[in-house]
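So the structure is just underneath, and the comments pick up after that.
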Amino acid sequence: MARATKFSAIIPRALFTRSISTASSFAVKLLAAEFPPPPTPQVSFDLADTERLFASVPTSTLLRSFAILSLMAAGPVVDLGTAALRASMASGGRLLRPAALAAARATVHRQFCAGEGAEEASLTVQRMWSEVGLRSILDYGIEDAEDSAACQGNLAGFLRAVDLAATLPPTSVIFVCVKITALAPISLLERVSDLLRWEQKDPSFSLPWRTHSFPILCHSSPLFLTPREPQPLSEDEEQELQSALRRLSMLCDRCVKANIPLLIDAEYSSVQPAIDYFTYWATLESNKQREQPIVFGTIQTYLRDAKERMMNAVEAAEEQGVSLGVKLVRGAYLTRETRLAESMAAPSPIHGSLHETHVCFDTCASFMMEKVSKGSGAVVLATHNVHSGQEAARKAEELGIGKDDEKLQFAQLMGMADGLSLGLKNAGFRVSKYRPFGPVEQVIPYLLRRAEENKGVLSTSSNDRQLLRKELSRRVTAAFVGRALN
């Protein structure tokens, strides 16, 4: 009763109840009208009981999450905030930059990141494991290196992240994450991607530096980004390519020694073929003769060619006796991909509707889980979609995949879809939260993508807000009832 009484003093009941009931009623109506929910599969976890769902989460944490996610649902507010943040980074102004960073640090960075340094991230990981029972995917939040010197410095940061993960309780961290754009210059990745796209157009095109035959692209892959035959890599570029591969090899070796798997993120289309080349190169180097993969690649299912590329990679891995690790996501570069295609008067590489993306994700998830049930490969289902989570849980039970099987894992971003994470965890599945860390100015690209995802009444956080509102309302009611009884 003491906690409930203390909470009731924070905010008047009438004001709180009115604000949380009206803040998203419009969003709920739109969601019901525009996106009628699909049939709910019968599964072993339920998000309706928010008291049980959020039992381990303090009220202060729920309030902060609800406030930030509700604020980010206001599109004009987010547009203004992101514009100010971008302007401050570009101008380097003495007044605007510190103010923008301070605002980001107190809001989106705190919501979506584990901290600014390794020590803070370590405490966050341990607290989330001990208090809530959620594991972590540790990500040193750096991307988009411009030159070799930056890449080398980034490598040192990723190696420290692996060393940090190795010092934490072994069940609290199950992956370390990396973006290839942090280990290889963007210009090199664009050149390699162009050459791989042209090879897809013309199989007779020679790539003397290519060291493996894993399929990168497929018949349905968009090739409009390479309209003409590119020049071969220069000698300096080939040397830089080998240097970048050595950096990735060093990171993989450190992960093997620490027995901590490495997730390689997908990024945007202009460099994704090169990222896949690096990923499969590392897969062949590190996953041979291993039942549990050490290297996982990422498939973005909002792309039209996602399913075909994934199935081709799985087939190649099976033929070569390599354990393939796949992380499935919907994708985080929607605006960038759409604008790029429009600028080139080309069809978008993104599915034509949200429904098609959902179907693609669920189909790919089902395919990979069937492989897991037969002892081939491993999958991380990184989804914020409740229906996808429920359907995957149902499929896992149907296939007899044990809930403690390391080859099937679920993941969500820190600060998002906490209800789904806790529901899956309470049902016994292995669940992790993706926890980037680093100084605010370093993780701005990541934070801007989260702002884009959560913007507007139909954003990906709408279900999060509904669950938070329901639980906060229940706690307010309980607090006043308890106060009356006392």
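Following the order of the structure tokens, first chain is A, next is B, and so on, with residues numbered from 1 inside each chain and ligands from 1 in the order they appear.
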Practice task
Please provide the set of residues having any atom within 10 Å of Thr335 of chain A, restricted to only C-alpha atoms, with same-chain residues fewer than 2 positions apart removed, written as a PyMOL selection string.
Solution key: chain A and resi 332-333+337-340+449+452-453
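Pairwise distance (atom CA of Ala145 of chain A, atom CA of Ser187 of chain A) equals 9.3 Å.
Going from atom CA of Gln272 of chain A to atom CA of Thr181 of chain A covers 9.7 Å.
Between Pro169 of chain A and the candidates A:Trp198, A:Trp129, A:Tyr140, A:Tyr446, the tightest atom-to-atom separation, counting only C-alpha atoms, involves A:Trp129.
Residues of segment 394-429 of chain A assigned to alpha helix (DSSP H) by DSSP on this structure's backbone: Arg394, Lys395, Ala396, Glu397, Glu398, Leu399, Asp418, Gly419, Leu420, Ser421, Leu422, Gly423, Leu424, Lys425 and Asn426 of chain A.
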Exercise for the section: Check segment 329-481 of chain A with DSSP on the backbone and list each residue it calls strand (DSSP E), as number ranges by chain. Expected result: A: 329, 378-382, 408-413, 431-437
Taking 6 positions as the minimum chain separation for residues in the same chain, which residues sit within 10 Å of Phe66 of chain A when counting only C-alpha atoms? Answer as a PDB file with N, CA, C and O atoms, in the first residue's frame.
```
ATOM      1  N   ILE A  20      -4.330  10.361 -20.046  1.00  0.00           N
ATOM      2  CA  ILE A  20      -3.934   9.109 -20.690  1.00  0.00           C
ATOM      3  C   ILE A  20      -5.078   8.481 -21.468  1.00  0.00           C
ATOM      4  O   ILE A  20      -4.843   7.691 -22.380  1.00  0.00           O
ATOM      5  N   SER A  60       7.815   4.562 -11.986  1.00  0.00           N
ATOM      6  CA  SER A  60       8.562   5.689 -12.568  1.00  0.00           C
ATOM      7  C   SER A  60       9.042   5.352 -13.979  1.00  0.00           C
ATOM      8  O   SER A  60       9.033   6.217 -14.876  1.00  0.00           O
ATOM      9  N   MET A  72       6.598  11.386 -28.710  1.00  0.00           N
ATOM     10  CA  MET A  72       7.128  11.056 -30.034  1.00  0.00           C
ATOM     11  C   MET A  72       6.026  10.704 -31.021  1.00  0.00           C
ATOM     12  O   MET A  72       6.258  10.698 -32.231  1.00  0.00           O
ATOM     13  N   SER A 461       4.847   2.314 -32.003  1.00  0.00           N
ATOM     14  CA  SER A 461       4.734   2.299 -30.545  1.00  0.00           C
ATOM     15  C   SER A 461       3.291   2.401 -30.064  1.00  0.00           C
ATOM     16  O   SER A 461       3.050   2.497 -28.867  1.00  0.00           O
ATOM     17  N   ASP A 464       2.457  -0.264 -27.642  1.00  0.00           N
ATOM     18  CA  ASP A 464       3.209  -0.013 -26.399  1.00  0.00           C
ATOM     19  C   ASP A 464       2.448   0.976 -25.523  1.00  0.00           C
ATOM     20  O   ASP A 464       2.282   0.770 -24.319  1.00  0.00           O
ATOM     21  N   ARG A 465       2.003   2.067 -26.130  1.00  0.00           N
ATOM     22  CA  ARG A 465       1.322   3.107 -25.362  1.00  0.00           C
ATOM     23  C   ARG A 465       0.008   2.599 -24.779  1.00  0.00           C
ATOM     24  O   ARG A 465      -0.350   2.947 -23.655  1.00  0.00           O
ATOM     25  N   GLN A 466      -0.703   1.772 -25.529  1.00  0.00           N
ATOM     26  CA  GLN A 466      -1.962   1.234 -25.018  1.00  0.00           C
ATOM     27  C   GLN A 466      -1.718   0.372 -23.779  1.00  0.00           C
ATOM     28  O   GLN A 466      -2.456   0.471 -22.788  1.00  0.00           O
ATOM     29  N   LEU A 467      -0.694  -0.488 -23.833  1.00  0.00           N
ATOM     30  CA  LEU A 467      -0.400  -1.346 -22.683  1.00  0.00           C
ATOM     31  C   LEU A 467       0.055  -0.520 -21.483  1.00  0.00           C
ATOM     32  O   LEU A 467      -0.354  -0.768 -20.339  1.00  0.00           O
ATOM     33  N   LEU A 468       0.916   0.461 -21.727  1.00  0.00           N
ATOM     34  CA  LEU A 468       1.391   1.315 -20.639  1.00  0.00           C
ATOM     35  C   LEU A 468       0.234   2.094 -20.017  1.00  0.00           C
ATOM     36  O   LEU A 468       0.137   2.216 -18.787  1.00  0.00           O
ATOM     37  N   ARG A 469      -0.647   2.629 -20.859  1.00  0.00           N
ATOM     38  CA  ARG A 469      -1.789   3.384 -20.355  1.00  0.00           C
ATOM     39  C   ARG A 469      -2.673   2.497 -19.477  1.00  0.00           C
ATOM     40  O   ARG A 469      -3.119   2.906 -18.402  1.00  0.00           O
ATOM     41  N   LEU A 472      -0.817   1.825 -16.119  1.00  0.00           N
ATOM     42  CA  LEU A 472      -0.768   3.024 -15.285  1.00  0.00           C
ATOM     43  C   LEU A 472      -2.151   3.359 -14.727  1.00  0.00           C
ATOM     44  O   LEU A 472      -2.281   3.759 -13.561  1.00  0.00           O
TER      45      LEU A 472
END
```
